[in-house]
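Okay, target-v3.cif now, which holds mmCIF, C-alpha atoms and all ligand atoms:
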```
data_query
loop_
_atom_site.label_atom_id
_atom_site.label_comp_id
_atom_site.auth_asym_id
_atom_site.auth_seq_id
_atom_site.Cartn_x
_atom_site.Cartn_y
_atom_site.Cartn_z
CA MET A 1 -26.01 -6.86 -22.89
CA GLY A 2 -22.65 -8.20 -24.08
CA LEU A 3 -20.44 -11.03 -22.91
CA ILE A 4 -16.70 -11.15 -22.23
CA THR A 5 -15.09 -14.55 -21.79
CA MET A 6 -11.64 -14.86 -20.27
CA ALA A 7 -9.77 -18.02 -21.19
CA MET A 8 -6.35 -19.59 -21.55
CA ILE A 9 -5.11 -20.70 -24.95
CA GLY A 10 -2.62 -23.44 -24.13
CA ARG A 11 -0.77 -22.68 -20.89
CA ASN A 12 0.66 -19.22 -21.40
CA THR A 13 -1.69 -17.10 -23.48
CA ARG A 14 -4.56 -15.24 -21.86
CA VAL A 15 -7.42 -14.25 -24.14
CA TYR A 16 -10.45 -12.02 -23.64
CA LEU A 17 -13.20 -12.73 -26.18
CA ALA A 18 -16.04 -10.18 -26.37
CA ASP A 19 -19.45 -10.50 -28.00
CA THR A 20 -20.69 -6.90 -28.12
CA THR A 21 -23.40 -7.33 -30.79
CA ASP A 22 -26.26 -5.92 -28.69
CA MET A 23 -24.14 -3.08 -27.28
CA VAL A 24 -23.00 -1.93 -30.72
CA GLU A 25 -26.59 -2.10 -32.01
CA GLU A 26 -27.68 0.01 -29.02
CA ALA A 27 -24.89 2.53 -29.70
CA ARG A 28 -25.92 2.63 -33.37
CA VAL A 29 -29.50 3.54 -32.41
CA ILE A 30 -28.47 6.14 -29.78
CA HIS A 31 -25.99 7.94 -32.05
CA ASP A 32 -27.78 7.14 -35.34
CA THR A 33 -24.48 6.09 -36.90
CA SER A 34 -23.93 5.40 -40.60
CA PRO A 35 -22.70 1.87 -41.47
CA VAL A 36 -19.02 2.88 -41.59
CA ALA A 37 -19.34 4.89 -38.36
CA THR A 38 -21.09 1.89 -36.72
CA ALA A 39 -18.14 -0.31 -37.69
CA ALA A 40 -15.53 2.17 -36.42
CA LEU A 41 -17.38 2.92 -33.18
CA GLY A 42 -18.25 -0.74 -32.65
CA ARG A 43 -14.61 -1.81 -32.92
CA THR A 44 -13.54 0.95 -30.52
CA LEU A 45 -16.35 0.10 -28.08
CA THR A 46 -15.38 -3.59 -28.11
CA ALA A 47 -11.69 -2.82 -27.50
CA ALA A 48 -12.44 -0.43 -24.63
CA SER A 49 -14.81 -2.91 -22.98
CA ILE A 50 -12.05 -5.55 -22.99
CA MET A 51 -9.46 -2.99 -21.81
CA GLY A 52 -11.84 -2.03 -18.98
CA LYS A 53 -12.17 -5.68 -17.97
CA MET A 54 -8.35 -5.90 -17.91
CA LEU A 55 -8.12 -3.07 -15.30
CA LYS A 56 -6.94 -4.27 -11.90
CA GLY A 57 -8.56 -1.96 -9.34
CA ASP A 58 -12.29 -1.58 -8.63
CA LYS A 59 -12.10 2.21 -8.82
CA ASP A 60 -9.97 2.41 -11.97
CA LYS A 61 -11.36 3.95 -15.12
CA LEU A 62 -10.08 3.86 -18.68
CA THR A 63 -10.71 6.23 -21.55
CA LEU A 64 -9.86 5.16 -25.09
CA GLN A 65 -9.83 7.90 -27.69
CA ILE A 66 -9.24 7.36 -31.41
CA LYS A 67 -8.49 10.70 -32.96
CA GLY A 68 -7.85 11.00 -36.70
CA LYS A 69 -7.93 13.44 -39.57
CA GLY A 70 -10.75 11.47 -41.26
CA LEU A 71 -14.37 12.62 -41.27
CA ILE A 72 -15.22 10.85 -38.00
CA ARG A 73 -12.62 13.07 -36.24
CA SER A 74 -12.84 11.49 -32.79
CA MET A 75 -14.37 8.57 -30.91
CA VAL A 76 -14.24 8.39 -27.13
CA VAL A 77 -15.11 5.32 -25.09
CA VAL A 78 -14.95 5.33 -21.30
CA ALA A 79 -14.70 1.90 -19.68
CA TRP A 80 -15.06 0.73 -16.10
CA PRO A 81 -13.51 -2.42 -14.54
CA SER A 82 -16.89 -4.14 -15.00
CA GLY A 83 -16.31 -3.87 -18.77
CA ASP A 84 -19.31 -1.52 -19.02
CA VAL A 85 -18.72 1.40 -21.39
CA LYS A 86 -20.12 4.72 -22.56
CA VAL A 87 -19.37 5.91 -26.09
CA THR A 88 -19.44 9.05 -28.18
CA ILE A 89 -18.45 9.97 -31.73
CA SER A 90 -17.86 13.42 -33.28
CA ASP A 91 -19.48 12.74 -36.65
CA PRO A 92 -21.81 9.73 -36.62
CA LYS A 93 -23.17 10.38 -40.14
CA VAL A 94 -19.97 9.84 -42.13
CA ASP A 95 -20.81 8.20 -45.42
CA LEU A 96 -17.97 6.81 -47.55
CA GLU A 97 -17.83 4.59 -50.61
CA GLU A 98 -16.97 0.99 -49.84
CA THR A 99 -13.42 -0.12 -50.56
CA PRO A 100 -12.69 -1.82 -53.93
CA GLN A 101 -12.92 -5.11 -51.97
CA GLY A 102 -16.53 -4.26 -51.01
CA LYS A 103 -15.71 -3.54 -47.37
CA LEU A 104 -16.69 -0.60 -45.18
CA ASP A 105 -13.86 1.93 -45.37
CA VAL A 106 -13.17 2.27 -41.63
CA SER A 107 -9.59 3.37 -42.23
CA GLY A 108 -10.78 6.12 -44.60
CA ALA A 109 -13.43 7.34 -42.12
CA VAL A 110 -11.01 7.37 -39.16
CA GLY A 111 -8.07 8.73 -41.17
CA LEU A 112 -4.47 7.68 -41.01
CA ASP A 113 -3.05 10.86 -39.58
CA GLY A 114 -3.91 10.70 -35.90
CA GLU A 115 -3.38 8.93 -32.62
CA VAL A 116 -4.58 6.42 -30.07
CA ILE A 117 -4.88 7.99 -26.63
CA VAL A 118 -5.38 5.81 -23.56
CA ILE A 119 -6.07 7.51 -20.25
CA ARG A 120 -5.91 5.33 -17.16
CA ASP A 121 -7.38 6.91 -14.07
CA TYR A 122 -6.29 5.05 -10.95
CA GLY A 123 -7.89 7.59 -8.62
CA LEU A 124 -4.54 9.31 -8.08
CA LYS A 125 -3.91 13.00 -8.63
CA ASP A 126 -2.81 12.64 -12.24
CA PRO A 127 -4.06 9.99 -14.62
CA TYR A 128 -1.62 7.94 -16.68
CA ILE A 129 -1.80 8.92 -20.35
CA GLY A 130 -0.38 6.73 -23.13
CA ARG A 131 -0.29 7.66 -26.80
CA SER A 132 0.77 6.18 -30.09
CA PRO A 133 0.21 7.11 -33.73
CA LEU A 134 -2.51 5.51 -35.83
CA VAL A 135 -0.84 2.99 -38.12
CA SER A 136 -3.83 1.75 -40.14
CA GLY A 137 -7.02 3.49 -39.00
CA GLU A 138 -8.59 0.01 -38.74
CA ILE A 139 -8.49 0.18 -34.89
CA ALA A 140 -7.25 -3.38 -34.12
CA GLU A 141 -3.84 -2.80 -35.76
CA ASP A 142 -3.62 0.64 -34.15
CA LEU A 143 -4.23 -0.84 -30.71
CA ALA A 144 -1.77 -3.71 -31.27
CA TYR A 145 0.83 -1.06 -32.15
CA TYR A 146 -0.13 0.92 -29.05
CA TYR A 147 0.29 -2.13 -26.77
CA ALA A 148 3.61 -3.12 -28.34
CA HIS A 149 5.17 0.36 -28.23
CA SER A 150 3.50 2.25 -25.41
CA GLU A 151 2.94 -0.61 -22.94
CA GLN A 152 5.63 -3.10 -24.07
CA GLN A 153 2.94 -5.79 -24.12
CA PRO A 154 2.79 -7.61 -27.47
CA SER A 155 -0.86 -8.40 -28.15
CA ILE A 156 -2.87 -10.15 -30.81
CA ILE A 157 -6.00 -8.09 -31.36
CA ALA A 158 -8.96 -8.67 -33.68
CA LEU A 159 -12.10 -6.50 -33.81
CA GLY A 160 -15.05 -6.70 -36.15
CA VAL A 161 -18.58 -5.49 -36.80
CA LEU A 162 -20.93 -7.13 -39.27
CA ALA A 163 -23.87 -4.95 -40.33
CA ASP A 164 -26.58 -6.41 -42.53
CA PRO A 165 -28.02 -4.50 -45.53
CA ILE A 166 -30.64 -2.65 -43.50
CA LYS A 167 -27.85 -1.27 -41.28
CA LYS A 168 -28.70 -3.30 -38.19
CA VAL A 169 -25.71 -4.84 -36.42
CA ALA A 170 -25.70 -8.60 -37.08
CA ALA A 171 -22.55 -9.42 -35.09
CA ALA A 172 -19.87 -7.42 -33.29
CA GLY A 173 -17.00 -8.41 -31.09
CA GLY A 174 -13.34 -9.17 -30.89
CA PHE A 175 -10.52 -10.53 -28.80
CA PHE A 176 -7.28 -9.49 -27.11
CA ALA A 177 -4.71 -12.25 -26.61
CA GLN A 178 -1.54 -11.66 -24.62
CA THR A 179 1.26 -14.14 -24.10
CA MET A 180 3.09 -14.59 -20.81
CA PRO A 181 6.87 -14.32 -20.65
CA ASP A 182 7.53 -18.04 -20.07
CA ILE A 183 5.61 -19.24 -23.16
CA SER A 184 7.35 -22.13 -24.94
CA GLU A 185 8.62 -22.10 -28.53
CA GLU A 186 6.07 -24.80 -29.37
CA GLU A 187 3.17 -22.70 -28.12
CA ILE A 188 4.41 -19.66 -30.04
CA ALA A 189 4.63 -21.76 -33.21
CA ALA A 190 1.09 -23.11 -32.66
CA LEU A 191 -0.28 -19.58 -32.09
CA GLU A 192 1.45 -18.25 -35.21
CA ALA A 193 0.05 -21.12 -37.27
CA ASP A 194 -3.49 -20.36 -35.99
CA ILE A 195 -3.14 -16.62 -36.68
CA ALA A 196 -1.93 -17.27 -40.23
CA VAL A 197 -5.23 -18.94 -41.17
CA MET A 198 -7.56 -17.23 -38.70
CA PRO A 199 -11.15 -16.67 -39.97
CA GLY A 200 -12.77 -13.22 -39.76
CA ILE A 201 -13.75 -12.36 -36.19
CA SER A 202 -17.27 -11.03 -36.87
CA GLY A 203 -18.16 -14.26 -38.71
CA ILE A 204 -17.04 -16.29 -35.68
CA ILE A 205 -18.93 -14.03 -33.23
CA GLY A 206 -22.10 -14.47 -35.31
CA LEU A 207 -21.99 -18.29 -35.06
CA GLU A 208 -24.54 -20.15 -32.95
CA ALA A 209 -21.88 -21.55 -30.64
CA THR A 210 -20.53 -21.26 -27.10
CA PRO A 211 -17.61 -18.90 -26.37
CA GLU A 212 -15.42 -21.99 -25.87
CA GLU A 213 -16.35 -23.34 -29.32
CA LYS A 214 -15.72 -19.91 -30.89
CA LEU A 215 -12.28 -19.66 -29.25
CA GLN A 216 -11.44 -23.18 -30.36
CA LYS A 217 -12.34 -22.21 -33.95
CA LEU A 218 -10.01 -19.18 -33.69
CA PHE A 219 -7.20 -21.16 -32.01
CA PRO A 220 -7.51 -24.79 -33.17
CA GLY A 221 -3.84 -25.55 -32.49
CA LEU A 222 -4.00 -25.29 -28.69
CA PRO A 223 -6.49 -26.35 -25.99
CA VAL A 224 -8.90 -23.66 -24.73
CA THR A 225 -9.67 -23.44 -21.00
CA ILE A 226 -12.48 -21.06 -19.97
CA LYS A 227 -11.64 -19.13 -16.78
CA ALA A 228 -14.53 -16.70 -16.37
CA THR A 229 -17.41 -15.02 -18.17
CA TYR A 230 -18.73 -11.53 -17.49
CA GLU A 231 -21.82 -9.67 -18.63
CA VAL A 232 -21.05 -6.18 -19.92
CA LYS A 233 -23.32 -3.37 -21.06
CA LEU A 234 -23.59 0.06 -22.59
CA THR A 235 -24.15 2.51 -19.78
CA CYS A 236 -23.75 6.15 -18.74
CA ASP A 237 -22.94 7.98 -15.53
CA CYS A 238 -24.37 11.38 -16.47
CA SER A 239 -26.52 13.39 -14.08
CA LYS A 240 -28.12 16.82 -13.92
CA GLU A 241 -25.35 17.81 -11.50
CA LYS A 242 -22.59 16.88 -13.99
CA LEU A 243 -24.35 18.67 -16.85
CA SER A 244 -24.80 21.70 -14.54
CA LYS A 245 -21.04 21.87 -14.10
CA ALA A 246 -20.60 21.84 -17.87
CA LEU A 247 -23.22 24.58 -18.22
CA ILE A 248 -21.53 26.77 -15.60
CA THR A 249 -18.34 26.79 -17.69
CA VAL A 250 -20.08 28.71 -20.50
CA GLY A 251 -19.87 31.74 -18.19
CA GLU A 252 -22.20 34.21 -16.53
CA LYS A 253 -22.85 36.30 -19.67
CA ALA A 254 -24.01 33.35 -21.78
CA LEU A 255 -26.13 32.02 -18.91
CA ARG A 256 -27.83 35.44 -18.52
CA GLU A 257 -28.61 35.44 -22.23
CA MET A 258 -30.21 31.98 -21.93
CA LEU A 259 -32.28 33.20 -18.98
CA GLU A 260 -33.44 36.40 -20.71
CA GLU A 261 -34.06 34.95 -24.16
CA ASP A 262 -35.36 31.42 -23.54
CA LYS A 263 -36.02 31.28 -19.79
CA GLN A 264 -34.72 27.72 -20.02
CA ALA A 265 -32.01 25.53 -21.48
CA GLU A 266 -31.81 21.93 -22.65
CA LEU A 267 -28.58 19.99 -22.73
CA HIS A 268 -27.95 16.52 -24.13
CA CYS A 269 -25.39 14.11 -22.70
CA HIS A 270 -22.80 13.46 -25.47
CA PHE A 271 -22.62 9.80 -24.47
CA CYS A 272 -26.22 8.60 -24.00
CA GLN A 273 -28.04 11.56 -25.61
CA LYS A 274 -30.34 11.90 -22.59
CA ALA A 275 -31.86 15.39 -22.43
CA TYR A 276 -31.55 17.49 -19.28
CA HIS A 277 -33.87 20.41 -18.79
CA PHE A 278 -32.88 23.56 -16.89
CA ASP A 279 -35.74 25.90 -15.99
CA GLU A 280 -35.66 29.55 -14.92
CA ALA A 281 -34.84 28.75 -11.28
CA ASP A 282 -32.08 26.34 -12.35
CA LEU A 283 -30.52 28.98 -14.58
CA LYS A 284 -30.59 31.55 -11.76
CA ASP A 285 -28.78 29.05 -9.52
CA LEU A 286 -26.20 28.41 -12.24
CA ILE A 287 -25.61 32.16 -12.66
CA LYS A 288 -24.97 32.41 -8.92
CA ALA A 289 -22.57 29.48 -9.09
CA SER A 290 -20.73 31.00 -12.06
CA GLN A 291 -20.20 34.24 -10.09
CA LYS A 292 -18.37 32.31 -7.38
CA LYS A 293 -15.82 31.09 -9.91
ZN ZN A 301 -25.36 10.20 -20.38
#
```

Could I get this structure in the form of structure tokens?
Ligand SMILES: [Zn+2]
Amino acid sequence: MGLITMAMIGRNTRVYLADTTDMVEEARVIHDTSPVATAALGRTLTAASIMGKMLKGDKDKLTLQIKGKGLIRSMVVVAWPSGDVKVTISDPKVDLEETPQGKLDVSGAVGLDGEVIVIRDYGLKDPYIGRSPLVSGEIAEDLAYYYAHSEQQPSIIALGVLADPIKKVAAAGGFFAQTMPDISEEEIAALEADIAVMPGISGIIGLEATPEEKLQKLFPGLPVTIKATYEVKLTCDCSKEKLSKALITVGEKALREMLEEDKQAELHCHFCQKAYHFDEADLKDLIKASQKK
């Protein structure tokens, strides 16, 4: 379970603070991610959970994809308006040397040459797709660039994952802060002063403190007013029916081979890794369905 807190910083800045420690640890176990992959996926998961919570309609759905030329290749997080997410990563085992500063090389694992892709599905015929280039591979900067250029919504974004020496996630989370158009010069100056000396986000998330106290540590120059808190979780919406549809697309010939050679097939959901078993009768049904195509 994770927690998203929505609050106002001063009068005209809305902030969403997420503590996703348990969710990122769960994702690490499911996908057996290396430390640098845990950091990259954890940051992306946290961002998508907040972006999901920012959706307006109950039936909306958001997909955040970070696609780079680095060894990770691609991370996909699907988020619902509840803030619940499902996550997948192309190469969870990426192992890179730490940076000269002793930090996990997230930028190196993601790669600089690539893009942020945001798909918003409002239940209409075509989803809205926004894209922008990766500018740092560190995820938070890439998303801030995306919001500024693709959505014309300047945003202050911080994302972090702290993994202890035995790989387990000690703290993970982040925040999105967006200012409203009628913000005063004084409030902008106070925000800028706070950002200039802001402590690392994962250190703040790991503190034994309330969300309000954590926000006040991040933004000491302005009063914090908590508006709402939401529980969020790692989830999945897979089913045998959905996996069947995926299996049908391999075509009749491949399905017949599975039936003749193995008399069965097993498919894993890319997101939650749950195994789905298809027996002889299932495969025969799928062959019939593939013929109708
Ligand atoms: Zn699943």

Give as a ChimeraX atom specification the set of residues within 12 Å of the point (2.6, 8.3, -30.6), where distances use the file's coordinates and only C-alpha atoms.
-> /A:66-67,113-118,129-135,142-143,145-151

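Atom pair atom CA of Ala158 of chain A / atom CA of Phe176 of chain A: separated by 6.8 Å.
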
Which residue out of A:Cys272, A:Val94, A:Leu234, A:Leu45 has the minimum interatomic distance to ligand ZN 301 (chain A) when all atoms listed in the file are used?
-> A:Cys272

Do a neighbour search on Ile4 of chain A at 12 Å with all atoms listed in the file, toss out local chain neighbours closer than 6 positions, and write the hits as a ChimeraX atom specification.
-> /A:15-21,46-54,82-84,173-176,205,210-212,215,226-233

Could you report the residues within 8 Å of ligand ZN 301 (chain A), using all atoms listed in the file, as a count of residues only?
-> 13

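Nearest to Tyr128 of chain A of all the residues A:Thr63, A:Ser155, A:Thr179, A:Thr99 is A:Thr63, based on only C-alpha atoms.
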
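Among the candidate residues A:Val169, A:Ala281, A:Ala177, A:Ala189, the one lying nearest to Val29 of chain A is A:Val169, with distances computed using only C-alpha atoms.
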
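Atom to atom, atom CA of Gln264 of chain A and atom CA of Ala289 of chain A stand 16.4 Å apart.
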
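Taking atom CA of Gly2 of chain A and atom CA of Gly200 of chain A as the two end points, the separation is 19.2 Å.
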
Hey, what's within 6 Å of Gly160 of chain A if we count all atoms listed in the file and toss same-chain stuff fewer than 3 positions away? As a ChimeraX atom specification, please?
-> /A:43,172-173,201-202

Put the listed atoms of segment 137-148 of chain A in a box along x, y and z with 8 Å added on every side and give me the centre and edge lengths in Å to one decimal, as lines of an AutoDock Vina configuration file.
```
center_x = -2.5
center_y = -0.1
center_z = -32.9
size_x = 28.2
size_y = 23.2
size_z = 28.2
```

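Nearest residue to Glu141 of chain A, choosing from A:Ser107, A:Lys93, A:Gly57, A:Ile204 and counting all atoms listed in the file: A:Ser107.
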
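With all atoms listed in the file as the basis for measurement, A:Pro154 is the residue among A:Glu138, A:Ala27, A:Pro154, A:Ala254 that approaches Arg14 of chain A most closely.
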
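Distances here use all atoms listed in the file; by that measure, the residue among A:Met198, A:Ala190, A:Leu71, A:Gln152 closest to Gln178 of chain A is A:Gln152.
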
Residue completion, segment 210-245 of chain A, N, CA and C atoms, as a CSV table (one decimal), in the coordinates of the input:
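And here is the file that came out, rebuild.csv:
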```
chain,number,residue,atom,x,y,z
A,210,THR,N,-20.9,-21.8,-28.4
A,210,THR,CA,-20.5,-21.3,-27.1
A,210,THR,C,-19.2,-20.5,-27.3
A,211,PRO,N,-18.9,-19.6,-26.3
A,211,PRO,CA,-17.6,-18.9,-26.4
A,211,PRO,C,-16.4,-19.9,-26.5
A,212,GLU,N,-16.5,-21.0,-25.8
A,212,GLU,CA,-15.4,-22.0,-25.9
A,212,GLU,C,-15.3,-22.5,-27.3
A,213,GLU,N,-16.4,-22.8,-27.9
A,213,GLU,CA,-16.4,-23.3,-29.3
A,213,GLU,C,-15.8,-22.3,-30.3
A,214,LYS,N,-16.2,-21.0,-30.0
A,214,LYS,CA,-15.7,-19.9,-30.9
A,214,LYS,C,-14.2,-19.7,-30.7
A,215,LEU,N,-13.7,-19.8,-29.5
A,215,LEU,CA,-12.3,-19.7,-29.2
A,215,LEU,C,-11.5,-20.8,-29.9
A,216,GLN,N,-12.1,-22.0,-29.8
A,216,GLN,CA,-11.4,-23.2,-30.4
A,216,GLN,C,-11.4,-23.1,-31.9
A,217,LYS,N,-12.4,-22.4,-32.5
A,217,LYS,CA,-12.3,-22.2,-34.0
A,217,LYS,C,-11.2,-21.2,-34.3
A,218,LEU,N,-11.0,-20.2,-33.4
A,218,LEU,CA,-10.0,-19.2,-33.7
A,218,LEU,C,-8.6,-19.8,-33.4
A,219,PHE,N,-8.5,-20.6,-32.4
A,219,PHE,CA,-7.2,-21.2,-32.0
A,219,PHE,C,-7.3,-22.7,-32.0
A,220,PRO,N,-7.4,-23.3,-33.2
A,220,PRO,CA,-7.5,-24.8,-33.2
A,220,PRO,C,-6.3,-25.5,-32.7
A,221,GLY,N,-5.1,-24.8,-32.8
A,221,GLY,CA,-3.8,-25.6,-32.5
A,221,GLY,C,-3.5,-25.8,-31.0
A,222,LEU,N,-4.3,-25.2,-30.1
A,222,LEU,CA,-4.0,-25.3,-28.7
A,222,LEU,C,-5.3,-25.5,-27.9
A,223,PRO,N,-5.3,-26.2,-26.8
A,223,PRO,CA,-6.5,-26.4,-26.0
A,223,PRO,C,-7.0,-25.0,-25.4
A,224,VAL,N,-8.3,-24.9,-25.3
A,224,VAL,CA,-8.9,-23.7,-24.7
A,224,VAL,C,-9.5,-24.0,-23.4
A,225,THR,N,-9.1,-23.2,-22.3
A,225,THR,CA,-9.7,-23.4,-21.0
A,225,THR,C,-10.4,-22.2,-20.6
A,226,ILE,N,-11.7,-22.2,-20.4
A,226,ILE,CA,-12.5,-21.1,-20.0
A,226,ILE,C,-12.2,-20.8,-18.5
A,227,LYS,N,-11.9,-19.5,-18.2
A,227,LYS,CA,-11.6,-19.1,-16.8
A,227,LYS,C,-12.8,-18.4,-16.2
A,228,ALA,N,-13.4,-17.5,-16.9
A,228,ALA,CA,-14.5,-16.7,-16.4
A,228,ALA,C,-15.3,-16.1,-17.5
A,229,THR,N,-16.6,-15.8,-17.2
A,229,THR,CA,-17.4,-15.0,-18.2
A,229,THR,C,-18.1,-13.9,-17.4
A,230,TYR,N,-18.2,-12.7,-18.1
A,230,TYR,CA,-18.7,-11.5,-17.5
A,230,TYR,C,-19.8,-10.9,-18.4
A,231,GLU,N,-20.9,-10.4,-17.8
A,231,GLU,CA,-21.8,-9.7,-18.6
A,231,GLU,C,-21.4,-8.2,-18.6
A,232,VAL,N,-21.4,-7.6,-19.8
A,232,VAL,CA,-21.0,-6.2,-19.9
A,232,VAL,C,-22.2,-5.4,-20.6
A,233,LYS,N,-22.2,-4.1,-20.4
A,233,LYS,CA,-23.3,-3.4,-21.1
A,233,LYS,C,-22.9,-1.9,-21.4
A,234,LEU,N,-23.7,-1.3,-22.3
A,234,LEU,CA,-23.6,0.1,-22.6
A,234,LEU,C,-24.3,0.8,-21.5
A,235,THR,N,-23.6,1.8,-20.9
A,235,THR,CA,-24.2,2.5,-19.8
A,235,THR,C,-23.8,4.0,-19.9
A,236,CYS,N,-24.2,4.8,-18.8
A,236,CYS,CA,-23.8,6.2,-18.7
A,236,CYS,C,-23.8,6.6,-17.3
A,237,ASP,N,-23.0,7.5,-16.9
A,237,ASP,CA,-22.9,8.0,-15.5
A,237,ASP,C,-23.3,9.5,-15.5
A,238,CYS,N,-24.0,9.9,-16.5
A,238,CYS,CA,-24.4,11.4,-16.5
A,238,CYS,C,-25.4,11.7,-15.4
A,239,SER,N,-25.5,12.9,-15.0
A,239,SER,CA,-26.5,13.4,-14.1
A,239,SER,C,-26.7,14.9,-14.3
A,240,LYS,N,-27.8,15.4,-13.8
A,240,LYS,CA,-28.1,16.8,-13.9
A,240,LYS,C,-27.0,17.6,-13.3
A,241,GLU,N,-26.4,17.1,-12.2
A,241,GLU,CA,-25.4,17.8,-11.5
A,241,GLU,C,-24.1,17.9,-12.4
A,242,LYS,N,-23.8,16.8,-13.1
A,242,LYS,CA,-22.6,16.9,-14.0
A,242,LYS,C,-22.8,17.8,-15.2
A,243,LEU,N,-24.0,17.8,-15.7
A,243,LEU,CA,-24.4,18.7,-16.8
A,243,LEU,C,-24.4,20.1,-16.4
A,244,SER,N,-24.8,20.3,-15.1
A,244,SER,CA,-24.8,21.7,-14.5
A,244,SER,C,-23.4,22.3,-14.5
A,245,LYS,N,-22.4,21.4,-14.1
A,245,LYS,CA,-21.0,21.9,-14.1
A,245,LYS,C,-20.6,22.3,-15.5
```
